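Heads up, my_file-v3.cif below (mmCIF, C-alpha atoms):
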data_input
#
loop_
_atom_site.label_atom_id
_atom_site.label_comp_id
_atom_site.auth_asym_id
_atom_site.auth_seq_id
_atom_site.Cartn_x
_atom_site.Cartn_y
_atom_site.Cartn_z
CA MET A 25 37.14 -19.72 18.80
CA ASN A 26 36.71 -16.35 20.51
CA ALA A 27 38.26 -13.04 19.46
CA LEU A 28 39.43 -10.38 21.91
CA LEU A 29 39.82 -6.98 20.24
CA ILE A 30 42.09 -4.60 22.17
CA PHE A 31 41.87 -0.97 21.05
CA LEU A 32 45.03 1.01 21.62
CA LYS A 33 47.07 3.92 20.29
CA GLU A 34 50.70 4.36 19.41
CA PRO A 35 52.32 5.83 22.57
CA ILE A 36 53.10 9.32 21.32
CA PRO A 37 53.02 12.46 23.52
CA GLY A 38 49.79 14.36 23.03
CA LYS A 39 47.96 11.32 21.61
CA VAL A 40 47.25 9.18 24.69
CA LYS A 41 45.43 9.70 28.01
CA PRO A 42 44.65 13.42 27.66
CA ARG A 43 43.03 13.74 31.10
CA LEU A 44 46.08 12.15 32.73
CA ALA A 45 48.43 14.29 30.63
CA ALA A 46 46.63 17.43 31.80
CA THR A 47 48.02 16.91 35.31
CA VAL A 48 51.24 14.92 34.88
CA GLY A 49 52.41 16.16 31.47
CA GLU A 50 52.38 14.48 28.07
CA ASP A 51 55.71 12.67 28.41
CA GLU A 52 54.80 11.21 31.80
CA ALA A 53 51.37 10.22 30.48
CA VAL A 54 53.08 8.22 27.73
CA LYS A 55 55.27 6.42 30.27
CA ARG A 56 52.23 5.56 32.37
CA TYR A 57 50.30 4.46 29.31
CA ARG A 58 53.11 2.13 28.25
CA SER A 59 53.32 0.71 31.78
CA MET A 60 49.55 0.09 31.83
CA VAL A 61 49.74 -1.81 28.56
CA ALA A 62 52.69 -3.89 29.82
CA VAL A 63 50.69 -4.96 32.87
CA LEU A 64 47.60 -5.66 30.78
CA LEU A 65 49.57 -7.94 28.45
CA GLU A 66 50.76 -9.91 31.45
CA GLN A 67 47.14 -10.19 32.61
CA LEU A 68 46.18 -11.86 29.34
CA GLU A 69 48.13 -15.00 30.25
CA GLY A 70 45.54 -17.71 30.91
CA LEU A 71 43.18 -16.92 28.05
CA ASN A 72 41.24 -19.95 26.80
CA ASN A 73 40.27 -20.59 23.17
CA THR A 74 40.85 -16.94 22.32
CA HIS A 75 42.58 -15.05 19.52
CA VAL A 76 43.88 -11.57 20.40
CA ARG A 77 43.64 -8.80 17.82
CA PHE A 78 45.24 -5.41 18.51
CA CYS A 79 43.23 -2.68 16.80
CA TYR A 80 45.67 0.21 16.57
CA ALA A 81 45.70 3.89 15.69
CA PRO A 82 46.95 5.71 13.72
CA ASP A 83 46.56 3.46 10.70
CA ASP A 84 50.20 3.82 9.59
CA ALA A 85 51.57 2.60 12.93
CA ALA A 86 51.55 -1.16 12.24
CA ASP A 87 55.30 -1.70 12.43
CA ALA A 88 55.72 0.63 15.42
CA ILE A 89 52.92 -1.14 17.31
CA LYS A 90 54.38 -4.61 16.66
CA PHE A 91 57.87 -3.42 17.61
CA TRP A 92 56.43 -2.09 20.89
CA LEU A 93 54.06 -4.86 21.89
CA LEU A 94 55.52 -8.19 20.85
CA PRO A 95 58.67 -7.97 23.04
CA GLN A 96 56.41 -7.19 26.02
CA PHE A 97 54.93 -10.69 26.08
CA ARG A 98 56.55 -12.94 28.69
CA GLY A 99 57.16 -16.09 26.69
CA HIS A 100 57.89 -17.26 23.17
CA THR A 101 56.36 -15.52 20.15
CA VAL A 102 56.77 -16.97 16.66
CA THR A 103 55.47 -15.79 13.29
CA GLN A 104 52.63 -17.70 11.63
CA GLY A 105 51.93 -16.01 8.31
CA ASP A 106 50.25 -12.69 9.09
CA SER A 107 49.76 -13.59 12.76
CA PHE A 108 51.87 -14.65 15.73
CA LEU A 109 51.67 -17.58 18.15
CA PHE A 110 52.42 -16.68 21.75
CA THR A 111 53.34 -19.37 24.28
CA PRO A 112 53.50 -18.10 27.89
CA LEU A 113 56.40 -19.07 30.13
CA LYS A 114 53.94 -20.33 32.72
CA ASN A 115 51.81 -23.43 32.20
CA ALA A 116 49.15 -21.53 30.27
CA THR A 117 47.42 -22.06 26.95
CA PRO A 118 49.12 -20.52 23.90
CA PHE A 119 47.10 -18.04 21.86
CA THR A 120 47.41 -16.31 18.51
CA ILE A 121 47.85 -12.58 17.93
CA ASP A 122 47.31 -10.31 14.97
CA PHE A 123 47.05 -6.59 14.24
CA MET A 124 44.47 -4.46 12.43
CA ALA A 125 44.22 -0.72 11.86
CA GLN A 126 41.15 0.90 13.42
CA GLY A 127 40.40 2.97 10.32
CA ASP A 128 38.41 6.18 10.03
CA GLY A 129 35.36 7.36 11.96
CA ASP A 130 34.35 7.96 15.53
CA LEU A 131 34.80 5.28 18.18
CA GLY A 132 31.39 3.76 17.50
CA GLN A 133 32.15 3.36 13.79
CA ARG A 134 35.54 1.84 14.54
CA LEU A 135 34.10 -0.60 17.09
CA LYS A 136 31.33 -1.58 14.70
CA ARG A 137 33.81 -2.19 11.89
CA ALA A 138 36.23 -4.21 14.02
CA THR A 139 33.60 -6.45 15.62
CA SER A 140 31.85 -7.06 12.29
CA GLN A 141 35.18 -8.00 10.72
CA ALA A 142 35.92 -10.46 13.54
CA PHE A 143 32.58 -12.21 13.04
CA ASP A 144 33.17 -12.23 9.27
CA ASP A 145 36.53 -13.87 9.98
CA GLY A 146 34.67 -16.76 11.62
CA TYR A 147 35.02 -16.04 15.33
CA GLN A 148 31.97 -17.16 17.30
CA LYS A 149 32.19 -14.69 20.19
CA VAL A 150 33.85 -11.27 20.14
CA ALA A 151 34.88 -8.99 23.02
CA VAL A 152 36.21 -5.44 22.84
CA MET A 153 38.27 -3.56 25.40
CA GLY A 154 40.68 -0.68 25.73
CA THR A 155 43.91 -0.54 27.71
CA GLY A 156 42.80 1.47 30.74
CA CYS A 157 41.60 -1.39 32.95
CA VAL A 158 44.67 -3.37 33.99
CA HIS A 159 42.53 -5.46 36.37
CA CYS A 160 40.66 -6.94 33.40
CA GLY A 161 42.75 -10.02 32.76
CA SER A 162 42.09 -13.56 31.57
CA ARG A 163 39.83 -14.36 34.55
CA TRP A 164 37.17 -11.84 33.57
CA ILE A 165 37.68 -12.20 29.83
CA ASN A 166 37.20 -15.99 30.02
CA THR A 167 34.16 -15.45 32.24
CA ALA A 168 32.65 -13.00 29.77
CA PHE A 169 33.05 -15.39 26.87
CA SER A 170 31.61 -18.31 28.86
CA GLN A 171 28.47 -16.31 29.73
CA THR A 172 27.88 -14.68 26.34
CA THR A 173 25.06 -16.10 24.21
CA PRO A 174 23.33 -14.91 21.03
CA MET A 175 20.67 -13.35 23.25
CA ARG A 176 22.94 -11.96 25.97
CA CYS A 177 25.91 -9.62 25.96
CA ILE A 178 28.35 -9.14 28.80
CA ILE A 179 29.50 -5.70 29.96
CA GLY A 180 32.11 -4.77 32.56
CA PRO A 181 31.24 -1.39 34.12
CA SER A 182 34.14 0.93 34.93
CA GLY A 183 32.47 3.10 37.56
CA ASP A 184 32.89 6.37 35.63
CA GLY A 185 29.84 5.84 33.47
CA GLY A 186 31.68 3.75 30.89
CA TYR A 187 32.71 0.14 30.51
CA TYR A 188 36.00 -1.74 30.29
CA LEU A 189 34.80 -4.80 28.35
CA LEU A 190 31.89 -5.76 26.13
CA ALA A 191 31.36 -9.27 24.76
CA THR A 192 28.74 -10.48 22.31
CA ALA A 193 27.99 -13.72 20.46
CA LYS A 194 26.51 -12.21 17.31
CA LYS A 195 26.94 -9.19 15.08
CA SER A 196 25.26 -6.43 17.08
CA GLU A 197 26.16 -3.17 15.39
CA GLY A 198 23.41 -1.35 17.28
CA LEU A 199 25.51 -1.62 20.45
CA PHE A 200 27.82 1.08 19.06
CA HIS A 201 25.32 3.40 17.39
CA ASN A 202 24.58 6.87 18.81
CA ILE A 203 26.54 6.22 22.03
CA PRO A 204 27.99 9.24 23.90
CA TRP A 205 31.55 7.96 24.22
CA SER A 206 33.79 8.91 27.15
CA SER A 207 30.84 10.22 29.13
CA GLU A 208 28.94 9.34 32.28
CA ASN A 209 26.18 7.95 30.05
CA THR A 210 28.21 5.56 27.91
CA LEU A 211 27.24 2.46 29.88
CA SER A 212 23.57 3.32 30.33
CA LYS A 213 23.11 4.21 26.65
CA THR A 214 24.87 1.00 25.61
CA GLU A 215 22.54 -1.04 27.81
CA GLN A 216 19.56 0.77 26.28
CA ALA A 217 20.94 -0.03 22.83
CA ALA A 218 21.22 -3.70 23.82
CA SER A 219 17.62 -3.76 24.99
CA ALA A 220 16.50 -2.15 21.72
CA ILE A 221 17.93 -5.10 19.76
CA ASP A 222 16.53 -7.68 22.21
CA LEU A 223 19.79 -8.42 23.99
CA THR A 224 19.84 -8.91 27.74
CA VAL A 225 22.86 -7.58 29.62
CA LEU A 226 24.87 -9.35 32.29
CA ARG A 227 27.32 -7.18 34.19
CA LEU A 228 30.78 -8.22 35.30
CA PRO A 229 32.15 -6.74 38.55
CA GLN A 230 32.93 -3.04 38.46
CA LEU A 231 36.63 -2.34 37.88
CA VAL A 232 38.62 0.89 37.63
CA ASN A 233 39.49 2.30 34.22
CA ILE A 234 42.56 4.56 34.40
CA GLU A 235 41.84 7.87 32.70
CA ASP A 236 43.19 10.54 35.08
CA GLU A 237 45.48 11.03 38.06
CA SER A 238 42.81 10.06 40.58
CA SER A 239 42.05 6.69 38.95
CA TRP A 240 45.79 6.07 38.48
CA GLU A 241 46.33 6.48 42.24
CA VAL A 242 43.41 4.15 43.03
CA VAL A 243 44.90 1.38 40.91
CA LEU A 244 48.41 2.09 42.21
CA SER A 245 47.16 1.46 45.76
CA SER A 246 45.42 -1.79 44.79
CA ALA A 247 46.84 -5.32 44.76
CA ILE A 248 48.10 -4.88 41.21
CA GLY A 249 49.88 -1.64 42.07
CA GLY A 250 53.23 -3.36 42.53
CA LYS A 251 53.20 -4.61 38.95
CA LEU A 252 52.25 -1.16 37.72
CA ARG A 253 55.10 0.47 39.68
CA ALA A 254 57.59 -2.06 38.34
CA ALA A 255 56.43 -1.50 34.76
CA LEU A 256 56.66 2.28 35.20
CA LYS A 257 60.17 1.95 36.58
CA ARG A 258 61.18 0.10 33.42
CA GLU A 259 59.90 3.07 31.39
CA ALA A 260 62.04 5.59 33.31
#

Take the structure from the file and write it as structure tokens.
Amino acid sequence: MNALLIFLKEPIPGKVKPRLAATVGEDEAVKRYRSMVAVLLEQLEGLNNTHVRFCYAPDDAADAIKFWLLPQFRGHTVTQGDSFLFTPLKNATPFTIDFMAQGDGDLGQRLKRATSQAFDDGYQKVAVMGTGCVHCGSRWINTAFSQTTPMRCIIGPSGDGGYYLLATAKKSEGLFHNIPWSSENTLSKTEQAASAIDLTVLRLPQLVNIEDESSWEVVLSSAIGGKLRAALKREA
């Protein structure tokens, strides 16, 4: 079984998408953030042999995050102990969902902790992603898992120097150590870190990660733009 770890924040003004908020305002940035997450959840339909874990911040937001996310899934969601089973409306494979606080530390420390925990929980392959790349759906996630081996990690470059997805088949804490996060060197330093621990890197296609007004407009004009507009309209 694979584990997909999705890092996200409670949608509160001033806490999400600061570069987008700088031009459109904090309230509008929250609406756009919520619409991005709604589209991303729809894109997860079609996952194979994968458990989805939402790694949320702040740590006291568990109930608020569940109240926000679970009704967004288009299908039937039922409780199974501490997790949830989601069955899509379409003819797609059901998958399980749970929630975990990100905890303290910088992004590298939080990624290291979350991925290590997933491997300790028994998952054979683990992928991490944020919520900015709405194009990264089940197609690319399934592909990443299928190509990941103990000697090869999979990275999806975002074109701004970062990445939208990273998948690995073994505990590789060095992938998150001394990385300049949210910079033009995030991807290159991560690939150097992979090489330092004898991992080869296979890149997925480059996709846009929404961080500011310019990248928002690029995605809005793409094939998925209609879904993004519809989701934003529901937030109005």

Exercise for the section: Report the residues retrieved by the PyMOL selection byres ((chain A and resi 239) around 12) from the displayed file, expressed as a PyMOL selection string. Expected result: chain A and resi 41+43-44+156-158+182-184+231-238+240-246+249

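All residues of protein, DNA or RNA that reach within 8 Å of Arg227 of chain A, judged by all atoms listed in the file and not counting those fewer than 4 positions away in the chain, are A:Ile178, A:Ile179, A:Gly180, A:Pro181.
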
Practice task
Can you work out the spacing between atom CA of Phe123 of chain A and atom CA of Gly154 of chain A in Å, to one decimal?
Solution key: 14.4 Å

Exercise for the section: Using all atoms listed in the file, pick whichever of A:Arg176, A:Lys90, A:Lys195, A:His201 has the shortest atom-to-atom distance to Arg77 of chain A. Expected result: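 Of A:Arg176, A:Lys90, A:Lys195, A:His201, the one nearest Arg77 of chain A, counting all atoms listed in the file, is A:Lys90.
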
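Put simply, the PyMOL selection byres ((chain A and resi 253-256) around 8) on this file hits A:Lys55, A:Arg56, A:Arg58, A:Ser59, A:Met60, A:Ala62, A:Val63, A:Leu244, A:Gly249, A:Gly250, A:Lys251, A:Leu252, A:Lys257, A:Arg258, A:Glu259, A:Ala260.
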
Exercise for the section: Just the residues within 12 Å of Phe97 of chain A, please, counting all atoms listed in the file, with nothing from its chain fewer than 4 positions along; format it as JSON, numbers by chain. Expected result: {"A": [61, 62, 63, 64, 65, 66, 67, 68, 69, 90, 91, 92, 93, 101, 102, 108, 109, 110, 111, 112, 113, 114, 118, 119, 121]}

Practice task
Record the distance separating atom CA of Phe78 of chain A and atom CA of Pro229 of chain A, expressed in Å with one decimal.
Solution key: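 One can read the atom CA of Phe78 of chain A to atom CA of Pro229 of chain A distance as 24.0 Å.
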
Exercise for the section: Step by step, work through what the PyMOL selection byres ((chain A and resi 25) around 7) selects in the shown file, and finish by giving those residues as a PyMOL selection string. Expected result: chain A and resi 26-27+73-74+147-148

Practice task
Mind giving me the straight-line distance from atom CA of Gly185 of chain A to atom CA of Phe200 of chain A in Å, one decimal?
Solution key: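 Going from atom CA of Gly185 of chain A over to atom CA of Phe200 of chain A covers 15.3 Å.
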
Exercise for the section: Please provide the set of residues having any atom within 10 Å of Glu197 of chain A, restricted to all atoms listed in the file, with same-chain residues fewer than 6 positions apart removed, written as a list in words. Expected result: Gly132, Gln133, Leu135, Lys136, Arg137, Thr139, Ser140, Ala217, Ala218 and Ile221 of chain A

Handout entry: Selected residue, from A:Thr167, A:Asp84, A:Cys177, A:Asn72, that lies nearest to Glu215 of chain A when counting all atoms listed in the file
Key = A:Cys177

Completion exercise
Residue with the minimum atom-to-atom distance to Trp164 of chain A, picked from A:Gln230, A:Ser206, A:Thr47, A:Gln104 with all atoms listed in the file counted, is A:Gln230

Problem - Closest of A:Ser107, A:Thr117, A:Asn209, A:Gln126 to Ile30 of chain A - atom-to-atom distances counting only C-alpha atoms - result: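 Among the listed residues, A:Gln126 lies closest to Ile30 of chain A.
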
Completion exercise
Of A:Lys213, A:Lys149, A:Arg134, A:His159, the one sitting nearest Met175 of chain A when using all atoms listed in the file is A:Lys149

Problem - A:Leu223, A:Cys79, A:Leu228, A:Ala193 ranked by distance to Val150 of chain A, top pick (using all atoms listed in the file) - result: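 Among the listed residues, A:Ala193 lies closest to Val150 of chain A.
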
Handout entry: Spatial sel., origin (53.1, 7.3, 20.2), limit 9 Å, all atoms listed in the file, listed as JSON, numbers by chain
Key = {"A": [33, 34, 35, 36, 37, 38, 39, 40, 54, 85, 88, 89]}
